[in-house]
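Engineer: The structure follows.
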Amino acid sequence: MLKRIDELYKYILIMLLVVYLINSMYIKELTITFIIIAFVIILELVKHRQHIKKLSFPQVAIIGIVLLTGGAGIIYLLVLFQIFLDPLSLSYPLETMLLVLFVFICLYGLGYLLKRIFGRALKNP
C-alpha cells in the first residue's frame, strides 16, 4: 500500500491542491481546509518514512518539540505583526499578502533551523 502511495504521490498531491482551490474559491469551508492540510502532512510523513526510520527516538522527539514551539512562535509573531500593521491602515489585499509572506518567511526559517540541526543525522546513520 505504501509503495502504491509513493508511485501516485504527485497525483494525490495535485488532487488535494485542486480540492483545496475549489474549496477556497467556492465552498469556503474551514473543516475541509484542515482535513486537506492533515492529509498533506500525513502524505509527506509517508513519503519520507525511510528518513524518519533512520532517526533515533530522542531525535524525533526533539524535532516534534521544535516544530510545536516553532508553530506557537510563528502564531505569536503573526499576531504581533498584525498588531503593528493595524495603525498603518493598509488595504485588505496588501495586508493579507504581507501576512502570508511573513508566515512563509517564518516557516522557511523553521525548516532551515531543522535542516541545520538534523541534516547530519540524516546523512550519517
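Lettering and numbering for the C-alpha cells are positional, with chains as A, B, ... in the shown order, residues counted from 1 in each chain, and ligands counted from 1 in the shown order.
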Show which residues sit within 12 Å of Leu21 (chain A), as a ChimeraX atom specification. Count only C-alpha atoms, and ignore same-chain residues fewer than 6 positions away.

Structural biologist: /A:14-15,27-29,32-33,36

Engineer: Would you export the selected residues with N, CA, C and O atoms as a JSON list (two decimals), in the first residue's frame, please?

Structural biologist:
[["chain", "number", "residue", "atom", "x", "y", "z"],
["A", 14, "ILE", "N", -1.61, 16.73, -6.37],
["A", 14, "ILE", "CA", -2.33, 17.60, -7.32],
["A", 14, "ILE", "C", -3.82, 17.55, -7.04],
["A", 14, "ILE", "O", -4.50, 18.59, -7.05],
["A", 15, "MET", "N", -4.35, 16.36, -6.74],
["A", 15, "MET", "CA", -5.77, 16.24, -6.43],
["A", 15, "MET", "C", -6.13, 17.02, -5.17],
["A", 15, "MET", "O", -7.14, 17.73, -5.12],
["A", 27, "ILE", "N", -16.62, 26.93, -1.95],
["A", 27, "ILE", "CA", -17.29, 26.39, -0.77],
["A", 27, "ILE", "C", -16.93, 27.17, 0.49],
["A", 27, "ILE", "O", -17.78, 27.45, 1.32],
["A", 28, "LYS", "N", -15.66, 27.50, 0.64],
["A", 28, "LYS", "CA", -15.13, 28.25, 1.79],
["A", 28, "LYS", "C", -15.46, 27.59, 3.12],
["A", 28, "LYS", "O", -15.88, 28.24, 4.07],
["A", 29, "GLU", "N", -15.23, 26.29, 3.20],
["A", 29, "GLU", "CA", -15.47, 25.53, 4.42],
["A", 29, "GLU", "C", -14.13, 25.30, 5.13],
["A", 29, "GLU", "O", -13.19, 24.75, 4.55],
["A", 32, "ILE", "N", -12.89, 21.48, 5.69],
["A", 32, "ILE", "CA", -12.26, 20.84, 4.53],
["A", 32, "ILE", "C", -10.80, 21.29, 4.40],
["A", 32, "ILE", "O", -9.92, 20.49, 4.09],
["A", 33, "THR", "N", -10.55, 22.55, 4.68],
["A", 33, "THR", "CA", -9.18, 23.06, 4.61],
["A", 33, "THR", "C", -8.28, 22.34, 5.60],
["A", 33, "THR", "O", -7.18, 21.90, 5.26],
["A", 36, "ILE", "N", -7.62, 18.74, 4.46],
["A", 36, "ILE", "CA", -6.65, 18.68, 3.37],
["A", 36, "ILE", "C", -5.23, 18.90, 3.89],
["A", 36, "ILE", "O", -4.30, 18.20, 3.49]]

Engineer: Could you give me, as a tab-separated table, a per-residue list for region 90-120 of chain A showing, wherever an atom lies at most 10 Å from an atom of region 75-85 of chain A, the closest pair of atoms and their distance in Å to one decimal, using only C-alpha atoms and sorting by chain then residue number from low to high?

Structural biologist:
residue	atom	partner	partner_atom	distance
A:Leu90	CA	A:Leu85	CA	7.5
A:Glu95	CA	A:Leu85	CA	7.4
A:Thr96	CA	A:Gln82	CA	9.6
A:Leu98	CA	A:Leu85	CA	9.2
A:Leu99	CA	A:Leu78	CA	7.2
A:Val100	CA	A:Leu78	CA	9.4
A:Phe102	CA	A:Leu78	CA	7.5
A:Val103	CA	A:Leu78	CA	7.1
A:Cys106	CA	A:Leu77	CA	8.8

Engineer: Could you make a table, as CSV, of the residues of region 16-51 of chain A that have an atom within 12 Å of an atom of region 107-123 of chain A, each with its nearest atom pair and distance in Å to one decimal, counting only C-alpha atoms, in chain and number order?

Structural biologist:
residue,atom,partner,partner_atom,distance
A:His48,CA,A:Leu122,CA,11.2
A:Arg49,CA,A:Leu122,CA,11.8
A:Gln50,CA,A:Leu122,CA,9.9
A:His51,CA,A:Leu122,CA,6.5

Engineer: Determine which residues of chain A DSSP labels as alpha helix (DSSP H) from the backbone of this structure, then write them out as a ChimeraX atom specification.

Structural biologist: /A:2-7,9-22,30-47,49-54,57-85,92-123

Engineer: Have a look at A:Ile12, A:Ile22, A:Lys3, A:Gly64 and name the one nearest to Val40 (chain A); count only C-alpha atoms.

Structural biologist: A:Ile12

Engineer: Separation of CA of Lys47 (chain A) and CA of Val60 (chain A), in Å?

Structural biologist: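 Rounded to one decimal, the two atoms are 16.1 Å apart.
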